[in-house]
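J.: The file below is upload04.cif, mmCIF, C-alpha atoms:
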data_protein
loop_
_atom_site.group_PDB
_atom_site.id
_atom_site.type_symbol
_atom_site.label_atom_id
_atom_site.label_comp_id
_atom_site.auth_asym_id
_atom_site.auth_seq_id
_atom_site.Cartn_x
_atom_site.Cartn_y
_atom_site.Cartn_z
ATOM 1 C CA MET A 1 7.780 -69.373 3.310
ATOM 2 C CA THR A 2 4.509 -67.631 2.480
ATOM 3 C CA ARG A 3 4.327 -64.790 0.039
ATOM 4 C CA ARG A 4 2.733 -61.586 1.127
ATOM 5 C CA ARG A 5 0.395 -59.948 -1.284
ATOM 6 C CA ARG A 6 1.281 -56.391 -2.064
ATOM 7 C CA ALA A 7 -1.335 -54.144 -0.516
ATOM 8 C CA ARG A 8 -3.359 -52.140 -2.977
ATOM 9 C CA PRO A 9 -3.424 -48.399 -2.433
ATOM 10 C CA HIS A 10 -6.479 -47.155 -0.601
ATOM 11 C CA PRO A 11 -9.194 -45.988 -2.997
ATOM 12 C CA PHE A 12 -10.010 -42.318 -2.889
ATOM 13 C CA LEU A 13 -13.155 -42.505 -5.023
ATOM 14 C CA PRO A 14 -14.465 -46.040 -5.660
ATOM 15 C CA GLY A 15 -16.853 -46.724 -8.533
ATOM 16 C CA ASP A 16 -18.459 -49.826 -9.991
ATOM 17 C CA LYS A 17 -15.725 -50.619 -12.544
ATOM 18 C CA ILE A 18 -12.888 -48.328 -11.527
ATOM 19 C CA VAL A 19 -11.277 -46.664 -8.541
ATOM 20 C CA LEU A 20 -9.756 -43.191 -8.491
ATOM 21 C CA ARG A 21 -6.752 -42.955 -6.193
ATOM 22 C CA PRO A 22 -3.720 -40.715 -5.756
ATOM 23 C CA LEU A 23 -0.942 -41.205 -8.284
ATOM 24 C CA GLN A 24 2.108 -42.994 -6.896
ATOM 25 C CA ALA A 25 5.723 -43.389 -7.963
ATOM 26 C CA SER A 26 4.934 -46.977 -9.004
ATOM 27 C CA ASP A 27 2.488 -45.593 -11.610
ATOM 28 C CA LEU A 28 5.326 -43.856 -13.468
ATOM 29 C CA THR A 29 6.149 -46.870 -15.586
ATOM 30 C CA GLY A 30 6.997 -47.694 -19.151
ATOM 31 C CA ALA A 31 3.295 -48.300 -19.794
ATOM 32 C CA TYR A 32 2.417 -44.717 -18.762
ATOM 33 C CA LEU A 33 5.262 -43.423 -20.900
ATOM 34 C CA ASP A 34 3.992 -45.507 -23.835
ATOM 35 C CA TRP A 35 0.562 -43.836 -23.517
ATOM 36 C CA LEU A 36 2.109 -40.386 -23.795
ATOM 37 C CA ASN A 37 4.037 -41.375 -26.920
ATOM 38 C CA ASP A 38 1.090 -43.165 -28.586
ATOM 39 C CA TYR A 39 -0.646 -41.010 -31.184
ATOM 40 C CA GLU A 40 -3.964 -42.864 -30.785
ATOM 41 C CA VAL A 41 -4.002 -42.109 -27.045
ATOM 42 C CA THR A 42 -2.939 -38.461 -27.315
ATOM 43 C CA ARG A 43 -4.657 -37.578 -30.586
ATOM 44 C CA PHE A 44 -7.271 -35.356 -28.914
ATOM 45 C CA LEU A 45 -5.131 -34.287 -25.931
ATOM 46 C CA GLU A 46 -2.815 -31.340 -25.361
ATOM 47 C CA THR A 47 0.018 -33.757 -24.617
ATOM 48 C CA GLY A 48 1.791 -35.965 -27.120
ATOM 49 C CA LYS A 49 3.157 -33.208 -29.337
ATOM 50 C CA LYS A 50 6.736 -33.835 -28.203
ATOM 51 C CA PRO A 51 8.328 -37.154 -27.211
ATOM 52 C CA ALA A 52 7.880 -37.882 -23.519
ATOM 53 C CA THR A 53 10.685 -39.279 -21.377
ATOM 54 C CA LEU A 54 10.588 -40.816 -17.942
ATOM 55 C CA ALA A 55 12.241 -37.658 -16.561
ATOM 56 C CA SER A 56 9.642 -35.362 -18.182
ATOM 57 C CA LEU A 57 6.844 -37.627 -16.953
ATOM 58 C CA ARG A 58 8.161 -37.493 -13.385
ATOM 59 C CA ARG A 59 8.469 -33.685 -13.522
ATOM 60 C CA TYR A 60 4.905 -33.343 -14.869
ATOM 61 C CA VAL A 61 3.337 -35.662 -12.305
ATOM 62 C CA GLU A 62 5.255 -34.013 -9.460
ATOM 63 C CA ALA A 63 4.096 -30.562 -10.607
ATOM 64 C CA MET A 64 0.462 -31.715 -10.908
ATOM 65 C CA THR A 65 0.365 -33.529 -7.576
ATOM 66 C CA GLN A 66 2.073 -30.631 -5.751
ATOM 67 C CA ALA A 67 -0.018 -27.831 -7.294
ATOM 68 C CA PRO A 68 -2.436 -26.415 -4.700
ATOM 69 C CA ASP A 69 -5.113 -25.770 -7.341
ATOM 70 C CA THR A 70 -5.029 -29.239 -8.938
ATOM 71 C CA VAL A 71 -6.323 -32.677 -8.017
ATOM 72 C CA MET A 72 -4.878 -35.396 -10.258
ATOM 73 C CA LEU A 73 -5.900 -39.005 -9.686
ATOM 74 C CA ALA A 74 -5.014 -42.364 -11.169
ATOM 75 C CA ILE A 75 -7.826 -44.311 -12.826
ATOM 76 C CA THR A 76 -7.415 -47.953 -11.841
ATOM 77 C CA GLU A 77 -9.434 -50.971 -12.830
ATOM 78 C CA LYS A 78 -11.342 -52.079 -9.752
ATOM 79 C CA ARG A 79 -10.999 -55.805 -10.397
ATOM 80 C CA SER A 80 -7.272 -55.914 -11.137
ATOM 81 C CA GLY A 81 -5.937 -52.674 -9.631
ATOM 82 C CA VAL A 82 -4.182 -51.887 -12.933
ATOM 83 C CA HIS A 83 -3.503 -48.198 -13.621
ATOM 84 C CA VAL A 84 -5.320 -47.401 -16.896
ATOM 85 C CA GLY A 85 -5.314 -43.590 -17.024
ATOM 86 C CA ASN A 86 -5.645 -40.320 -15.129
ATOM 87 C CA VAL A 87 -8.271 -37.689 -14.464
ATOM 88 C CA LYS A 88 -7.776 -34.227 -13.017
ATOM 89 C CA LEU A 89 -9.461 -31.069 -11.902
ATOM 90 C CA GLY A 90 -7.097 -28.164 -12.499
ATOM 91 C CA GLY A 91 -7.161 -24.434 -12.064
ATOM 92 C CA ILE A 92 -9.484 -24.853 -9.067
ATOM 93 C CA HIS A 93 -10.545 -21.310 -8.270
ATOM 94 C CA PRO A 94 -11.442 -20.739 -4.603
ATOM 95 C CA VAL A 95 -13.555 -17.617 -5.195
ATOM 96 C CA HIS A 96 -15.349 -18.413 -8.434
ATOM 97 C CA ARG A 97 -15.711 -22.116 -7.458
ATOM 98 C CA ARG A 98 -14.779 -23.507 -10.872
ATOM 99 C CA ALA A 99 -12.255 -25.964 -12.274
ATOM 100 C CA ASP A 100 -11.282 -27.438 -15.602
ATOM 101 C CA LEU A 101 -11.440 -31.174 -16.180
ATOM 102 C CA GLY A 102 -8.928 -33.307 -18.030
ATOM 103 C CA ILE A 103 -8.868 -37.048 -18.651
ATOM 104 C CA MET A 104 -6.582 -39.543 -20.345
ATOM 105 C CA LEU A 105 -7.564 -43.184 -20.644
ATOM 106 C CA GLY A 106 -4.197 -44.518 -21.731
ATOM 107 C CA ASP A 107 -4.664 -48.275 -21.745
ATOM 108 C CA LYS A 108 -6.300 -48.912 -25.119
ATOM 109 C CA ARG A 109 -7.257 -52.459 -24.058
ATOM 110 C CA ARG A 110 -9.716 -50.837 -21.628
ATOM 111 C CA TRP A 111 -11.312 -48.478 -24.185
ATOM 112 C CA GLY A 112 -15.030 -48.955 -24.796
ATOM 113 C CA ARG A 113 -15.762 -50.374 -21.331
ATOM 114 C CA GLY A 114 -17.220 -47.227 -19.762
ATOM 115 C CA TYR A 115 -14.143 -46.476 -17.651
ATOM 116 C CA GLY A 116 -13.775 -42.929 -18.976
ATOM 117 C CA ARG A 117 -17.444 -42.164 -18.416
ATOM 118 C CA GLU A 118 -17.289 -43.499 -14.862
ATOM 119 C CA ALA A 119 -14.063 -41.575 -14.133
ATOM 120 C CA VAL A 120 -15.698 -38.321 -15.253
ATOM 121 C CA ALA A 121 -18.829 -39.085 -13.211
ATOM 122 C CA LEU A 122 -16.704 -39.747 -10.095
ATOM 123 C CA ILE A 123 -14.620 -36.584 -10.508
ATOM 124 C CA LEU A 124 -17.811 -34.530 -11.041
ATOM 125 C CA ALA A 125 -19.265 -35.913 -7.808
ATOM 126 C CA TYR A 126 -16.019 -35.089 -6.032
ATOM 127 C CA GLY A 127 -15.895 -31.576 -7.490
ATOM 128 C CA PHE A 128 -19.483 -30.679 -6.676
ATOM 129 C CA ASP A 129 -20.067 -32.616 -3.459
ATOM 130 C CA ARG A 130 -16.678 -32.385 -1.749
ATOM 131 C CA LEU A 131 -14.961 -29.336 -3.224
ATOM 132 C CA ASN A 132 -18.189 -27.311 -3.400
ATOM 133 C CA LEU A 133 -17.529 -26.237 -6.974
ATOM 134 C CA ASN A 134 -20.214 -24.436 -8.949
ATOM 135 C CA LYS A 135 -18.875 -25.112 -12.455
ATOM 136 C CA ILE A 136 -16.672 -27.719 -14.097
ATOM 137 C CA TYR A 137 -15.610 -27.059 -17.669
ATOM 138 C CA LEU A 138 -13.390 -28.528 -20.377
ATOM 139 C CA GLY A 139 -12.239 -28.084 -23.925
ATOM 140 C CA VAL A 140 -12.853 -30.891 -26.405
ATOM 141 C CA ASP A 141 -11.912 -31.250 -30.058
ATOM 142 C CA ALA A 142 -15.176 -30.728 -31.963
ATOM 143 C CA GLU A 143 -14.364 -33.785 -34.081
ATOM 144 C CA ASN A 144 -14.180 -36.039 -31.008
ATOM 145 C CA SER A 145 -17.889 -36.864 -31.215
ATOM 146 C CA ALA A 146 -17.651 -39.864 -28.851
ATOM 147 C CA ALA A 147 -16.260 -37.664 -26.062
ATOM 148 C CA VAL A 148 -18.785 -34.888 -26.735
ATOM 149 C CA ARG A 149 -21.618 -37.444 -26.504
ATOM 150 C CA VAL A 150 -20.339 -38.835 -23.163
ATOM 151 C CA TYR A 151 -19.933 -35.338 -21.711
ATOM 152 C CA GLU A 152 -23.468 -34.411 -22.794
ATOM 153 C CA GLN A 153 -24.819 -37.587 -21.160
ATOM 154 C CA LEU A 154 -23.159 -36.464 -17.932
ATOM 155 C CA GLY A 155 -24.811 -33.036 -18.061
ATOM 156 C CA PHE A 156 -22.245 -30.922 -19.912
ATOM 157 C CA LYS A 157 -23.501 -28.331 -22.368
ATOM 158 C CA ILE A 158 -21.595 -26.710 -25.206
ATOM 159 C CA GLU A 159 -21.031 -23.088 -24.222
ATOM 160 C CA GLY A 160 -19.340 -22.155 -27.451
ATOM 161 C CA THR A 161 -16.958 -23.181 -30.158
ATOM 162 C CA LEU A 162 -13.485 -21.752 -30.576
ATOM 163 C CA ARG A 163 -12.883 -21.744 -34.312
ATOM 164 C CA GLN A 164 -9.597 -23.188 -35.577
ATOM 165 C CA HIS A 165 -8.332 -23.293 -32.005
ATOM 166 C CA LEU A 166 -6.411 -26.582 -32.272
ATOM 167 C CA PHE A 167 -3.776 -27.790 -34.715
ATOM 168 C CA ARG A 168 -3.826 -31.529 -35.421
ATOM 169 C CA ASP A 169 -2.888 -33.671 -38.415
ATOM 170 C CA GLY A 170 -1.734 -30.683 -40.466
ATOM 171 C CA ALA A 171 -4.960 -28.688 -40.119
ATOM 172 C CA TYR A 172 -6.626 -26.295 -37.711
ATOM 173 C CA ARG A 173 -9.619 -27.723 -35.843
ATOM 174 C CA ASP A 174 -12.475 -26.273 -33.830
ATOM 175 C CA GLN A 175 -12.706 -26.803 -30.080
ATOM 176 C CA HIS A 176 -15.931 -26.907 -28.080
ATOM 177 C CA VAL A 177 -15.935 -25.375 -24.613
ATOM 178 C CA MET A 178 -18.316 -27.442 -22.476
ATOM 179 C CA SER A 179 -19.407 -27.070 -18.882
ATOM 180 C CA VAL A 180 -21.736 -28.460 -16.283
ATOM 181 C CA LEU A 181 -23.087 -26.324 -13.440
ATOM 182 C CA ARG A 182 -23.898 -27.538 -9.958
ATOM 183 C CA GLU A 183 -27.606 -26.756 -10.580
ATOM 184 C CA ASP A 184 -27.586 -28.948 -13.716
ATOM 185 C CA TYR A 185 -25.659 -31.800 -12.129
ATOM 186 C CA GLY A 186 -27.770 -34.892 -11.514
ATOM 187 C CA GLY A 187 -25.320 -36.926 -9.460
ATOM 188 C CA LEU A 188 -23.667 -40.249 -10.174
ATOM 189 C CA GLY A 189 -26.905 -41.912 -11.161
ATOM 190 C CA ARG A 190 -27.139 -40.073 -14.479
#
With the file now loaded, output its structure as structure tokens.
T.:
Amino acid sequence: MTRRRRARPHPFLPGDKIVLRPLQASDLTGAYLDWLNDYEVTRFLETGKKPATLASLRRYVEAMTQAPDTVMLAITEKRSGVHVGNVKLGGIHPVHRRADLGIMLGDKRRWGRGYGREAVALILAYGFDRLNLNKIYLGVDAENSAAVRVYEQLGFKIEGTLRQHLFRDGAYRDQHVMSVLREDYGGLGR
């Protein structure tokens, strides 16, 4: 009896190191739940303030994948197919042609390998080239200098700083609002 290999989901946006693909029910695992309950993973994110359960995770992913103004994709390692995080464009506005970007690289074993940078580059290409967006923006904790640096390398500019906008570790923190415009976007080759 020969074993059949489980078919990998079709890539939506393939990159060099990673593939962005639609989230699936099989992605809603204990590992994903662990990311949401890990302070290191969620430290600079809006999530992670309350304990996550499998039921709350399922409700969130269903809401995100069903929302007409949101595109949420799984970040998977190209070589292994392992789900390592998610990236999304939300609040996609059909008139103003803008969206906000969010990313979570949950698998800490994959940190520092350029996966987050490549995921953002792929979602920017998708937003500008396929969705015809004019502006993609995000909010980032001003103390998250590594993320700010990566976003700047990809063409984002700081539009302003919201003073004491975030509460983390018992103190109020500043948040940068960053954006990249279609006219400033240099493509995947940046």
J.: As a check of understanding, name the residues that the PyMOL selection byres ((chain A and resi 155-163) around 9) selects in the supplied structure, as a PyMOL selection string.
T.: chain A and resi 136-137+142+148+150-154+164-166+172-181+184-186+190
J.: For a test of reading the model, state the distance in Å between CA of Ile75 (chain A) and CA of Leu89 (chain A), rounded to one decimal.
T.: 13.4 Å
J.: What's around Lys49 (chain A) at 10 Å? Count all atoms listed in the file, leave out sequence neighbours fewer than 5 positions away in its own chain, and write the answer as a ChimeraX atom specification.
T.: /A:36-37,39,42-43,168
J.: Given the choices A:Gly106, A:Asn86, A:Ala99, A:Lys17, which gets closest to Gly48 (chain A) if the distance is worked out from only C-alpha atoms?
T.: A:Gly106
J.: Which residues fall under the PyMOL selection byres ((chain A and resi 122-135) around 9) in this file, as JSON, numbers by chain?
T.: {"A": [13, 14, 15, 19, 20, 87, 88, 89, 92, 93, 94, 96, 97, 98, 99, 100, 101, 117, 118, 119, 120, 121, 136, 137, 154, 179, 180, 181, 182, 183, 185, 187, 188]}
J.: What do you get, as a list in words, if you spell out every residue that the PyMOL selection byres ((chain A and resi 27) around 12) selects here?
T.: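 With the PyMOL selection byres ((chain A and resi 27) around 12) on this model, the match is Pro9, Arg21, Pro22, Leu23, Gln24, Ala25, Ser26, Leu28, Thr29, Gly30, Ala31, Tyr32, Leu33, Leu54, Leu57, Arg58, Val61, Leu73, Ala74, Ile75, Thr76, Gly81, Val82, His83, Val84, Gly85 and Asn86 of chain A.
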J.: Take the residues just selected and output them with C-alpha atoms as a PDB file, in the coordinates of the input.
T.:
ATOM      1  CA  PRO A   9      -3.424 -48.399  -2.433  1.00  0.00           C
ATOM      2  CA  ARG A  21      -6.752 -42.955  -6.193  1.00  0.00           C
ATOM      3  CA  PRO A  22      -3.720 -40.715  -5.756  1.00  0.00           C
ATOM      4  CA  LEU A  23      -0.942 -41.205  -8.284  1.00  0.00           C
ATOM      5  CA  GLN A  24       2.108 -42.994  -6.896  1.00  0.00           C
ATOM      6  CA  ALA A  25       5.723 -43.389  -7.963  1.00  0.00           C
ATOM      7  CA  SER A  26       4.934 -46.977  -9.004  1.00  0.00           C
ATOM      8  CA  LEU A  28       5.326 -43.856 -13.468  1.00  0.00           C
ATOM      9  CA  THR A  29       6.149 -46.870 -15.586  1.00  0.00           C
ATOM     10  CA  GLY A  30       6.997 -47.694 -19.151  1.00  0.00           C
ATOM     11  CA  ALA A  31       3.295 -48.300 -19.794  1.00  0.00           C
ATOM     12  CA  TYR A  32       2.417 -44.717 -18.762  1.00  0.00           C
ATOM     13  CA  LEU A  33       5.262 -43.423 -20.900  1.00  0.00           C
ATOM     14  CA  LEU A  54      10.588 -40.816 -17.942  1.00  0.00           C
ATOM     15  CA  LEU A  57       6.844 -37.627 -16.953  1.00  0.00           C
ATOM     16  CA  ARG A  58       8.161 -37.493 -13.385  1.00  0.00           C
ATOM     17  CA  VAL A  61       3.337 -35.662 -12.305  1.00  0.00           C
ATOM     18  CA  LEU A  73      -5.900 -39.005  -9.686  1.00  0.00           C
ATOM     19  CA  ALA A  74      -5.014 -42.364 -11.169  1.00  0.00           C
ATOM     20  CA  ILE A  75      -7.826 -44.311 -12.826  1.00  0.00           C
ATOM     21  CA  THR A  76      -7.415 -47.953 -11.841  1.00  0.00           C
ATOM     22  CA  GLY A  81      -5.937 -52.674  -9.631  1.00  0.00           C
ATOM     23  CA  VAL A  82      -4.182 -51.887 -12.933  1.00  0.00           C
ATOM     24  CA  HIS A  83      -3.503 -48.198 -13.621  1.00  0.00           C
ATOM     25  CA  VAL A  84      -5.320 -47.401 -16.896  1.00  0.00           C
ATOM     26  CA  GLY A  85      -5.314 -43.590 -17.024  1.00  0.00           C
ATOM     27  CA  ASN A  86      -5.645 -40.320 -15.129  1.00  0.00           C
TER      28      ASN A  86
END
J.: How many Å lie between CA of Arg113 (chain A) and CA of Pro11 (chain A), rounded to one decimal?
T.: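 Pair CA of Arg113 (chain A) / CA of Pro11 (chain A) returns 20.0 Å.
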J.: Quote the spacing between CA of Tyr115 (chain A) and CA of Thr65 (chain A) in Å to one decimal place.
T.: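 About the pair CA of Tyr115 (chain A) and CA of Thr65 (chain A): they are 21.9 Å apart.
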